[in-house]
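Asker: Please find one structure pasted underneath; my questions will follow.
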Amino acid sequence: MAAASIAVPHPQSPPYAHYRGKIGMWCLIIAESSIFLIFVVAYLYYAGKSLSGPTPAQVLDVPIFNSICLFSSSLTIVLAERALHSGNIKRFGLCWFLTIALGVIFLVGTGREWYHLIYDDGLTIKTNLFGTTFYSLVGLHAFHVTVGIIGLTIILLLTLAGTVRQEHSYRVSVFSMYWHFVDVVWVVVLSVVYFIAR
Amino acid sequence: MAEAQPIVPPLIVSPEREASRPFVQTLHGWIVTVDHKRLGVMYFSYGILFLVVGGIEAMIMRAQLAVANNHLVSPETFNQMFTMHGTTMIFFAAMPIVFGFGNYCVPIMIGARDMAFPRLNAFGFWMSALGGIILYFSFIGGFGLYGAGSAPDVGWFAYAPLTSRAFSVGHSTDYWIVGLLVSGFGSIATGLNILTTALCMRCPGMKLNRLPLMVWMNVVTSFLVLVAVSPLTAAQIMLLIDRYLGGHFFDTQAGGSAVIWMHFFWVFGHPEVYILVLPAFGILSEVIPVFSRKPIFGYNAMVGATIAIGFISLTVWAHHMFTVGMTSYANAFFVASTSAIAVPTGIKIFNWVGTMWGGKIRFKTPMLFCLAAVAQMLIAGLTGIMLSAAPFNWQLSGSYFVVAHFHYVIVGVIVFGTFAGIYYWFPKVTGRMLSDTLGKWHFWLFLIGFHLTFDFMHIPGLLGMPRRIYTYDASRGWEGWNIIVSIGAACQAIAVLILVINVIWSLYKGREAGNDPWDAWTLEWATTSPPPAYNFAELPEVRSRRPLWDLKHPEDPDWKYE
Amino acid sequence: MHSRPLNPERFTPNGRRPSTRRGSWWKAVSGFCVAFPTALCALSADPQPSPTTIFNPASTPAHEIYHLSLFVLSVCLGIFLVVFTLIVYAAVKYRRRATDDNSEPPQIYGSNQVELAWTVIPILIVVVLFLASARVIHAIEDAEFPPDHLEVIAVGHQFWWEFRYPGYGFVTANELHVPVSDPDHPTPTHIVLLSADTDHSFWVPKLAGKTDLIPNRRNEMWIDPHDVGHYLGQCAQYCGIQHAKMLLNVMVDSPQDFHRWTAEQKAPAAMFDQFAAGRRVYEHNACVNCHTIAGTDSQGTFGPDLTHLMSRTTIASGAAPNDEKNLRQWIEDPNVIKPGCLMPAMQLNQQDIDALVAYLMSLR
């Protein structure tokens, strides 16, 4: 592209340009929230309407440990952000690693819950309306957790390679906004699936 | 038009004409570009290409329906035609054209050098392009009935349970789902980009209440894209789960609901039409003031009305479902919200008239298209009011009256606005003027064809002709009207051909445009035509809504009166 | 205040000018633009051209909608005339003349009073329209039924209509018979709408607005036709390949005719010995999987009930007149009449078809 060879006569930055990471992430959060909202609406609409098969009350146990892990990971990511902001790369790396670990525990826990539901309770996505809406909603959330963990891992690897420095703290906090979003979605999913519509 | 030399603002550098390069290198430059102007041109060209393809699908339908009991195409083919025509026109013609204009105009009008996320911009374009290719691959991919390929034939809104595995055998519906899913991600990316750009990349002094209306319309559009395209994405994921994982979201045999698909789809579908029309309103709001030689009448009201339209449009969706058997209270609610949206829309029409009022109107081609678009928006809005009256809707919905109404908006306002935008900005994008004589031929032929088709199309609807039928009997009394409708379609096709000739001829032989051929007032006219890759030598600093008016009239600048 | 003081160097007052040829051309164009849509409306109100026009109501729901539509149309026409005149007037009066200098007109930014007016007046119009619609919605959707109304269950299929008369205990297809309703002593017909497969919509414009038939959902509508006659309509929600030929025929009968018709329908199928061969063809082929003829062993419900096939004027849900030639063609290969419909070609030999057609034609 020819632009690379044309020097911009007066390189300047627009006054608000440095906000664009966070504004962009907010836009993404708005769009993703709309997707989740539709799955939540479908879940609530179909609550109690299954023609057969296990009901939520029969097979669901509140995943307390899993949820504590995920909520704690939001805490550790905040600690990580603060560490990076003040220049403490080691503490940042440690808290970041803890965040990943807690996220992975959450995913493993979800996997175990699903294993139990499928093989012991006979609830699959095909079984009934509850099965379809449950696995879709929780699965969509788990997918977003997975994407988050992949992103977190990439940043961890870059940290271990030494390329993440204090001046990147804004970008890291943009990414951690995504992780907080995933957490807030879990608050909603937890309330709807395991409390309101059980 | 002020023929005297416009004052050269200090933003322009001498144009750097690139020496002619090998074709492959040029092509490579376009493919890997992240420049918002090139991506804008690519989006736009992609949209125009699919406009022509969708137009061919329309011509096939009109040929089949021109006479009663026709056997030009089979019912399978006809059903594929109306599905593909609708899907193509909305997702692969109108949306890329909208994004094309937004991509080109928004950064340069706010005095920025590019979008907030140039690489995301390229990603958005290529995803949208891929979606269109996936959809059209359906004509040759998979197995199909009678060897006609398996293009989707479920209608562009793909009601359940017609889309379930039981009723849609084969992969035709899957092409519809996947093509739109992919391009939906591209749309969300572009919406995110435009919104962030408008909020974060404004030049010094460009406060929100100094944004050109084209930018404001794109801002509200982008917000709607974020909020409205996502429900479609969610519904399509649900449909894929139903079709491939045995889910029951829309499986009425398992207790699922066909109506919930309608709700999810129209929660997307109604804001979608505002996503398409608001940028067209933006073009009208830029062209009409320049050609009336006055600022837009009631800028604050225009902004307020746009935001109101954006929010109200999220509350009206079930007016597409008045016949579904909702309770009288639900029906009444949607009557109220739908007719409420007429108020801000009317305000805009009045403001455009107010802009023309007391002006000195130059009837160049862009202004002709805008004038027709305003009058047609009036009519389209009024037929919309008729449709908002739910009991009247119980007769009119699902008939050719609705088809006439929405084509009146989409062709009569959006396509006319697009044409106005083409004639207005072509000089800026390419450095050459389009022929105004050919433009007027294009305008009058298209106007006559449009009215022949879409005025008369209301009548079969009033006479009981439903939509999506591949044939009808002469005893219904619809034939004469259908012939007229089909003739008008042919007229429009010829007019578009004239436009294509005009564009191609003008690219090589058009008069050199200069920086500011229309004596306009927004920042893009302060750059060269075409602008350099970085748009502005130094970032402009603005003090009013019309920075070039201030430069051209230093004794009487806008910022003294705003 | 929204405008700047008039700068005398830049403001050229518009003097009075004689009407030019161009001016009268504009008048012709604008006159045409007003007359044209008005003519369209007038033309479409003529009941003669179409048996399915919405402007010739014959039943209370259609009447209510018709009156509302006239009101809405007049309001819209009024708005159109006012605003369109303003648009044309502005375009004509404020166009740049060849004799104009290059000065800019007064730069006006807005006007609070005018903008307030054109916000408040549309709000009032919208409120009025809402109230008018709400009244009619309530009148139609929340109507109460007298005890002697007729109850019909309509089930939509791809691509035919099933009509059940639970009060009389019989099932028929494709032609709906209802009694005429005297406005002084109404005997409306209440229709419950169900679907066996995908979405359909019941639309007979002269009798009522359309209501959808949606699987796993019970919808309802009602009609009380005031005049005896034959009313046409068709499915109005795309339901698949032969959506276009899923036609509706509603016969509104006098009370005596309706009574006679129901008695005929309740009777089992005609059993004449001379058509026994045809009946055997019917019973020994796959016909019985889909069809029912009361009095034989067949209980198929996928296709229309054929017990009184010849009491209907059309076959294939209105796609063809009900006569021997079409019956024969239909059995040989339905795809000639309705390509893509769900009845397969029965692959019978000519002898069997002859017998079968003769038998079917005896089913009055």
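In the structure tokens, each chain is lettered A, B, ... as it comes, each chain's residues begin at 1, and ligands are numbered from 1 in order of appearance.
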Residues of chain B that approach chain C to 6 Å or less, counting only C-alpha atoms: could you list each one with the shortest pair of atoms and its distance in Å to one decimal, rows by chain and increasing residue number, as CSV?

Answerer:
residue,atom,partner,partner_atom,distance
B:Ala2,CA,C:Asn102,CA,5.9
B:Pro161,CA,C:Thr198,CA,5.6
B:Leu162,CA,C:Thr198,CA,5.8
B:Thr252,CA,C:Asn216,CA,5.6
B:Lys294,CA,C:Gln107,CA,5.3
B:Phe297,CA,C:Gly110,CA,4.8
B:Gly298,CA,C:Gly110,CA,4.5
B:Thr323,CA,C:Thr211,CA,4.9
B:Val324,CA,C:Asp212,CA,5.3
B:Gly325,CA,C:Asn219,CA,5.8
B:Ala332,CA,C:Ala134,CA,5.7
B:Ala336,CA,C:Phe130,CA,5.9
B:Ser339,CA,C:Val126,CA,6.0
B:Val343,CA,C:Pro122,CA,5.8
B:Trp357,CA,C:Ala90,CA,5.4
B:Gly358,CA,C:Tyr94,CA,5.8
B:Gly359,CA,C:Tyr94,CA,5.5
B:Lys360,CA,C:Arg96,CA,4.6
B:Ile361,CA,C:Arg95,CA,4.3
B:Arg362,CA,C:Arg96,CA,5.7
B:Leu382,CA,C:Cys76,CA,5.9
B:Ala389,CA,C:Ser133,CA,5.5
B:Pro391,CA,C:Ile65,CA,5.7
B:Phe392,CA,C:Ile65,CA,5.7
B:Trp394,CA,C:Gly209,CA,4.4
B:Gln395,CA,C:Gly209,CA,4.5
B:Gly398,CA,C:Ala236,CA,5.8
B:Leu462,CA,C:Ile54,CA,5.9
B:Leu463,CA,C:Thr53,CA,3.8
B:Gly464,CA,C:Thr52,CA,4.9
B:Pro466,CA,C:Ala236,CA,5.5
B:Ile469,CA,C:Ala244,CA,4.4
B:Arg476,CA,C:Ser50,CA,5.3
B:Gly477,CA,C:Ser50,CA,4.7

Asker: Grab the residues selected above and save them as an mmCIF file, in the first residue's frame with N, CA and C atoms.

Answerer:
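So again_33.cif came out as:
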data_model
loop_
_atom_site.group_PDB
_atom_site.id
_atom_site.type_symbol
_atom_site.label_atom_id
_atom_site.label_comp_id
_atom_site.auth_asym_id
_atom_site.auth_seq_id
_atom_site.Cartn_x
_atom_site.Cartn_y
_atom_site.Cartn_z
ATOM 1 N N ALA B 2 -20.555 29.335 -6.717
ATOM 2 C CA ALA B 2 -19.532 30.379 -6.763
ATOM 3 C C ALA B 2 -18.438 29.930 -7.709
ATOM 4 N N PRO B 161 -41.637 -23.209 11.205
ATOM 5 C CA PRO B 161 -40.755 -24.357 11.027
ATOM 6 C C PRO B 161 -40.451 -24.721 9.577
ATOM 7 N N LEU B 162 -40.684 -23.813 8.651
ATOM 8 C CA LEU B 162 -40.364 -24.117 7.254
ATOM 9 C C LEU B 162 -38.866 -24.378 7.092
ATOM 10 N N THR B 252 -41.852 -27.220 16.633
ATOM 11 C CA THR B 252 -43.195 -27.173 17.198
ATOM 12 C C THR B 252 -43.670 -28.550 17.639
ATOM 13 N N LYS B 294 -28.157 26.776 1.747
ATOM 14 C CA LYS B 294 -28.512 27.166 3.109
ATOM 15 C C LYS B 294 -28.087 26.053 4.047
ATOM 16 N N PHE B 297 -31.977 23.038 8.068
ATOM 17 C CA PHE B 297 -32.939 23.704 8.943
ATOM 18 C C PHE B 297 -33.151 22.844 10.176
ATOM 19 N N GLY B 298 -32.876 23.411 11.351
ATOM 20 C CA GLY B 298 -33.174 22.660 12.576
ATOM 21 C C GLY B 298 -32.212 21.520 12.847
ATOM 22 N N THR B 323 -50.713 -10.287 12.352
ATOM 23 C CA THR B 323 -51.660 -11.349 11.994
ATOM 24 C C THR B 323 -51.406 -12.648 12.741
ATOM 25 N N VAL B 324 -50.455 -12.639 13.660
ATOM 26 C CA VAL B 324 -50.030 -13.871 14.315
ATOM 27 C C VAL B 324 -50.971 -14.273 15.449
ATOM 28 N N GLY B 325 -51.865 -13.360 15.822
ATOM 29 C CA GLY B 325 -52.807 -13.703 16.876
ATOM 30 C C GLY B 325 -52.344 -13.278 18.256
ATOM 31 N N ALA B 332 -52.254 -3.362 20.284
ATOM 32 C CA ALA B 332 -52.413 -1.919 20.493
ATOM 33 C C ALA B 332 -51.081 -1.268 20.840
ATOM 34 N N ALA B 336 -49.209 1.768 18.731
ATOM 35 C CA ALA B 336 -48.763 3.029 19.325
ATOM 36 C C ALA B 336 -47.299 3.302 19.003
ATOM 37 N N SER B 339 -46.769 3.987 15.146
ATOM 38 C CA SER B 339 -47.191 5.298 14.658
ATOM 39 C C SER B 339 -46.399 6.410 15.326
ATOM 40 N N VAL B 343 -43.542 10.477 13.957
ATOM 41 C CA VAL B 343 -43.330 11.880 14.352
ATOM 42 C C VAL B 343 -41.903 12.340 14.061
ATOM 43 N N TRP B 357 -36.571 25.894 1.640
ATOM 44 C CA TRP B 357 -37.395 27.089 1.698
ATOM 45 C C TRP B 357 -36.536 28.338 1.819
ATOM 46 N N GLY B 358 -36.694 29.264 0.923
ATOM 47 C CA GLY B 358 -35.903 30.497 0.991
ATOM 48 C C GLY B 358 -34.499 30.326 0.447
ATOM 49 N N GLY B 359 -34.250 29.201 -0.197
ATOM 50 C CA GLY B 359 -32.912 28.971 -0.724
ATOM 51 C C GLY B 359 -32.808 29.368 -2.178
ATOM 52 N N LYS B 360 -31.700 28.961 -2.795
ATOM 53 C CA LYS B 360 -31.534 29.181 -4.244
ATOM 54 C C LYS B 360 -31.146 27.824 -4.814
ATOM 55 N N ILE B 361 -32.160 27.036 -5.137
ATOM 56 C CA ILE B 361 -31.924 25.619 -5.406
ATOM 57 C C ILE B 361 -31.332 25.397 -6.790
ATOM 58 N N ARG B 362 -30.217 24.697 -6.808
ATOM 59 C CA ARG B 362 -29.604 24.316 -8.080
ATOM 60 C C ARG B 362 -30.008 22.882 -8.379
ATOM 61 N N LEU B 382 -46.402 7.470 4.732
ATOM 62 C CA LEU B 382 -47.860 7.425 4.863
ATOM 63 C C LEU B 382 -48.389 6.008 4.668
ATOM 64 N N ALA B 389 -51.886 0.756 11.363
ATOM 65 C CA ALA B 389 -53.226 0.581 11.917
ATOM 66 C C ALA B 389 -53.542 -0.903 11.855
ATOM 67 N N PRO B 391 -55.807 -3.240 12.413
ATOM 68 C CA PRO B 391 -56.874 -3.904 11.656
ATOM 69 C C PRO B 391 -56.704 -3.743 10.152
ATOM 70 N N PHE B 392 -56.266 -2.568 9.709
ATOM 71 C CA PHE B 392 -55.993 -2.373 8.291
ATOM 72 C C PHE B 392 -54.861 -3.311 7.874
ATOM 73 N N TRP B 394 -54.360 -6.189 9.014
ATOM 74 C CA TRP B 394 -54.862 -7.555 8.850
ATOM 75 C C TRP B 394 -55.308 -7.836 7.428
ATOM 76 N N GLN B 395 -55.665 -6.809 6.700
ATOM 77 C CA GLN B 395 -55.941 -6.995 5.276
ATOM 78 C C GLN B 395 -54.664 -6.862 4.450
ATOM 79 N N GLY B 398 -48.759 -9.305 4.271
ATOM 80 C CA GLY B 398 -48.622 -10.495 3.438
ATOM 81 C C GLY B 398 -49.128 -10.305 2.026
ATOM 82 N N LEU B 462 -54.235 -4.235 -2.600
ATOM 83 C CA LEU B 462 -55.568 -3.840 -2.166
ATOM 84 C C LEU B 462 -56.628 -4.752 -2.759
ATOM 85 N N LEU B 463 -56.278 -5.433 -3.856
ATOM 86 C CA LEU B 463 -57.236 -6.337 -4.484
ATOM 87 C C LEU B 463 -57.014 -7.781 -4.046
ATOM 88 N N GLY B 464 -56.252 -7.978 -3.008
ATOM 89 C CA GLY B 464 -56.173 -9.309 -2.429
ATOM 90 C C GLY B 464 -55.047 -10.194 -2.919
ATOM 91 N N PRO B 466 -51.696 -11.935 -2.539
ATOM 92 C CA PRO B 466 -50.668 -12.138 -1.515
ATOM 93 C C PRO B 466 -49.281 -12.083 -2.144
ATOM 94 N N ILE B 469 -46.219 -15.544 -4.313
ATOM 95 C CA ILE B 469 -46.904 -16.549 -5.130
ATOM 96 C C ILE B 469 -46.295 -16.524 -6.520
ATOM 97 N N ARG B 476 -58.766 -13.253 -10.890
ATOM 98 C CA ARG B 476 -58.609 -12.420 -9.699
ATOM 99 C C ARG B 476 -58.553 -10.933 -10.033
ATOM 100 N N GLY B 477 -58.307 -10.616 -11.288
ATOM 101 C CA GLY B 477 -58.285 -9.195 -11.646
ATOM 102 C C GLY B 477 -56.974 -8.499 -11.360
#

Asker: Go through region 187-231 of chain C residue by residue and, counting only C-alpha atoms, keep those with an atom at most 6 Å from region 143-157 of chain C; for each kept residue give the shortest atom pair and its distance in Å to one decimal, ordered by chain and increasing number, as a Markdown table.

Answerer:
| residue | atom | partner | partner_atom | distance |
| --- | --- | --- | --- | --- |
| C:Thr187 | CA | C:His149 | CA | 5.0 |
| C:Pro188 | CA | C:His149 | CA | 5.2 |
| C:Thr189 | CA | C:Leu150 | CA | 4.5 |
| C:His190 | CA | C:Glu151 | CA | 5.0 |
| C:Ile191 | CA | C:Val152 | CA | 4.8 |
| C:Val192 | CA | C:Ile153 | CA | 4.7 |
| C:Leu193 | CA | C:Ala154 | CA | 5.0 |
| C:Leu194 | CA | C:Val155 | CA | 4.7 |
| C:Ser195 | CA | C:Gly156 | CA | 4.5 |
| C:Ala196 | CA | C:His157 | CA | 5.5 |

Asker: Counting only C-alpha atoms, what are the residues of region 109-164 of chain B within 10 Å of region 265-277 of chain B, and for each of them which pair of atoms is the nearest and at what distance in Å, to one decimal? Sort the table by chain and rising number, as a Markdown table.

Answerer:
| residue | atom | partner | partner_atom | distance |
| --- | --- | --- | --- | --- |
| B:Phe157 | CA | B:Phe265 | CA | 7.1 |
| B:Ala158 | CA | B:Phe265 | CA | 8.8 |
| B:Tyr159 | CA | B:Phe265 | CA | 8.6 |

Asker: So that I have them on file, write out the residues from the current selection with C-alpha atoms, as an mmCIF file, in the first residue's frame.

Answerer:
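Contents of out-v8.cif, freshly written:
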data_model
loop_
_atom_site.group_PDB
_atom_site.id
_atom_site.type_symbol
_atom_site.label_atom_id
_atom_site.label_comp_id
_atom_site.auth_asym_id
_atom_site.auth_seq_id
_atom_site.Cartn_x
_atom_site.Cartn_y
_atom_site.Cartn_z
ATOM 1 C CA PHE B 157 -37.101 -13.944 6.747
ATOM 2 C CA ALA B 158 -37.009 -17.733 6.822
ATOM 3 C CA TYR B 159 -39.954 -18.424 9.119
#

Asker: Taking only C-alpha atoms into account, find every residue of chain B that has an atom no more than 6 Å from chain A, and write it out as a list in words.

Answerer: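 Written out as asked, the residues are Gly29, Leu192, Thr196, Cys200, Met201, Cys203, Leu226, Val227, Ser230, Pro231, Ala234, Gly246, Gly247, His248, Ala533, Ala537 and Glu538 of chain B.
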
Asker: For CA of Cys69 (chain A) and CA of Phe92 (chain A), quote the distance in Å rounded to one decimal.

Answerer: 18.7 Å

Asker: So, counting only C-alpha atoms, which residue among A:Ile64, A:Ile149, A:Ala161, A:Ala57 is closest to Leu98 (chain A)?

Answerer: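 For Leu98 (chain A), the nearest of the given residues is A:Ile149.
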
Asker: Report the residues of region 71-295 of chain C whose backbone DSSP state falls under alpha helix (DSSP H), written as a count of residues only.

Answerer: 78

Asker: Can you work out the spacing between CA of Phe249 (chain B) and CA of Gly191 (chain B) in Å, to one decimal?

Answerer: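 The value is 28.4 Å.
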
Asker: Just the residues within 12 Å of region 353-355 of chain C, please, counting only C-alpha atoms, with nothing from its chain fewer than 6 positions along; format it as an mmCIF file with C-alpha atoms, in the first residue's frame.

Answerer:
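Wrote around13.cif, looks like this:
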data_model
loop_
_atom_site.group_PDB
_atom_site.id
_atom_site.type_symbol
_atom_site.label_atom_id
_atom_site.label_comp_id
_atom_site.auth_asym_id
_atom_site.auth_seq_id
_atom_site.Cartn_x
_atom_site.Cartn_y
_atom_site.Cartn_z
ATOM 1 C CA GLN C 274 -71.550 -50.304 -9.938
ATOM 2 C CA PHE C 275 -68.565 -48.459 -8.532
ATOM 3 C CA ALA C 276 -67.332 -51.270 -6.288
ATOM 4 C CA ALA C 277 -64.384 -51.882 -8.587
ATOM 5 C CA GLY C 278 -63.210 -48.342 -8.102
ATOM 6 C CA ARG C 279 -63.726 -48.576 -4.391
ATOM 7 C CA ARG C 280 -61.544 -51.677 -4.343
ATOM 8 C CA VAL C 281 -58.811 -49.802 -6.223
ATOM 9 C CA TYR C 282 -59.017 -47.120 -3.577
ATOM 10 C CA ASN C 285 -53.713 -48.927 -2.912
ATOM 11 C CA GLU C 324 -63.582 -35.837 -14.610
ATOM 12 C CA LYS C 325 -60.696 -34.649 -16.756
ATOM 13 C CA LEU C 327 -59.610 -35.753 -11.443
ATOM 14 C CA ARG C 328 -58.039 -38.152 -13.854
ATOM 15 C CA GLN C 329 -55.047 -35.883 -14.402
ATOM 16 C CA TRP C 330 -54.664 -35.365 -10.691
ATOM 17 C CA ILE C 331 -54.516 -39.060 -9.940
ATOM 18 C CA GLU C 332 -52.194 -39.802 -12.844
ATOM 19 C CA ASP C 333 -49.731 -37.081 -11.977
ATOM 20 C CA ALA C 345 -48.211 -39.864 -8.782
ATOM 21 C CA MET C 346 -50.040 -43.076 -7.988
ATOM 22 C CA GLN C 347 -48.610 -45.183 -10.833
ATOM 23 C CA MET C 361 -67.274 -39.110 -9.023
ATOM 24 C CA SER C 362 -70.014 -40.966 -7.205
#
